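Engineer: Next up is a structure, given as structure tokens.
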Amino acid sequence: MTKKGETAQLSAFVAFSDGATVDKTGSASWVSANPGKATVSSTGMVTAVEDGSSVITATFQTIAGSMTVIVDLPIAPATQ
């Protein structure tokens, strides 16, 4: 993510042993380990806050999955 306030929608799928998958994005609980860098809404929408990274975790019942979101904002040009 390269802009403050930029958003990205994440998805959470549960995979079963028979190969079937079910979208549980709306039913999962979403948490950002570092909300000072990136926040995540209850629907999995991630928003860039500041330079850095945060691990975003989705949990459905006893199943959890995580990914790292990197926020790399451009350096503002120096003013004179």
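Chain identifiers are assigned as A, B, and so on, following the order in which chains appear in the structure tokens; residues are numbered from 1 within each chain, and ligands are numbered from 1 in order of appearance.
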Residues near Ser54 (chain A), anyone? I mean within 7 Å using only C-alpha atoms, not counting same-chain ones fewer than 4 positions away, as a short mmCIF file (atom, residue, chain, number, x, y, z; two decimals) with N, CA and C atoms, in the first residue's frame.
Structural biologist:
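Generated file (out21.cif):
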```cif
data_model
loop_
_atom_site.label_atom_id
_atom_site.label_comp_id
_atom_site.auth_asym_id
_atom_site.auth_seq_id
_atom_site.Cartn_x
_atom_site.Cartn_y
_atom_site.Cartn_z
N SER A 32 -5.92 -6.39 13.46
CA SER A 32 -4.62 -5.88 13.02
C SER A 32 -3.69 -5.89 14.23
N ALA A 33 -2.52 -6.50 14.08
CA ALA A 33 -1.56 -6.54 15.18
C ALA A 33 -0.91 -5.18 15.41
N ASN A 34 -0.95 -4.30 14.43
CA ASN A 34 -0.33 -2.98 14.54
C ASN A 34 -1.23 -1.93 13.88
N LYS A 37 -0.18 1.21 11.94
CA LYS A 37 0.35 1.10 10.57
C LYS A 37 -0.74 0.75 9.57
N ALA A 38 -1.64 -0.16 9.93
CA ALA A 38 -2.76 -0.55 9.06
C ALA A 38 -3.90 -1.03 9.95
N THR A 68 0.81 -10.50 6.19
CA THR A 68 1.44 -9.22 6.52
C THR A 68 1.09 -8.19 5.46
N VAL A 69 0.66 -7.03 5.92
CA VAL A 69 0.37 -5.90 5.05
C VAL A 69 1.51 -4.90 5.24
N ILE A 70 2.09 -4.43 4.13
CA ILE A 70 3.17 -3.46 4.19
C ILE A 70 2.67 -2.13 3.67
#
```
Engineer: Within 12 Å of region 16-24 of chain A, counting only C-alpha atoms, which residues qualify if same-chain residues fewer than 4 places away don't, as a list of chain:residue names?
Structural biologist: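 After dropping sequence-adjacent residues, the list is A:Leu10, A:Ser11, A:Ala12, A:Ala28, A:Ser29, A:Trp30, A:Ser42, A:Thr43, A:Gly44, A:Ala58, A:Thr59, A:Phe60, A:Gln61, A:Ile63, A:Ala64, A:Gly65.
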Engineer: Pick out the closest residue to Val49 (chain A) from this set: A:Asp72, A:Val31, A:Ser66, A:Ala15. Count only C-alpha atoms.
Structural biologist: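 Checking each candidate against Val49 (chain A), we get A:Asp72 as the closest.
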Engineer: From the set A:Val71, A:Ile56, A:Lys4, A:Gly26, which residue has the shortest atom-to-atom contact distance to Val40 (chain A), counting only C-alpha atoms?
Structural biologist: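 Distance minimum relative to Val40 (chain A) lands on A:Ile56.
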Engineer: I need the residue nearest Thr47 (chain A) from this list: A:Ser27, A:Thr62, A:Thr2, A:Thr79. Use only C-alpha atoms for the distance.
Structural biologist: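 Residue with the minimum atom-to-atom distance to Thr47 (chain A): A:Thr2.
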Engineer: Output as a PyMOL selection string all residues of chain A that backbone DSSP marks as strand (DSSP E or B).
Structural biologist: chain A and resi 7-9+13-15+21-23+29-32+38-40+45-48+52-60+63-71
Engineer: For Thr7 (chain A), work out the shell of residues within 7 Å, counting only C-alpha atoms and skipping chain neighbours fewer than 6 positions away, then give it as an MDAnalysis selection string.
Structural biologist: chainID A and resid 45:48
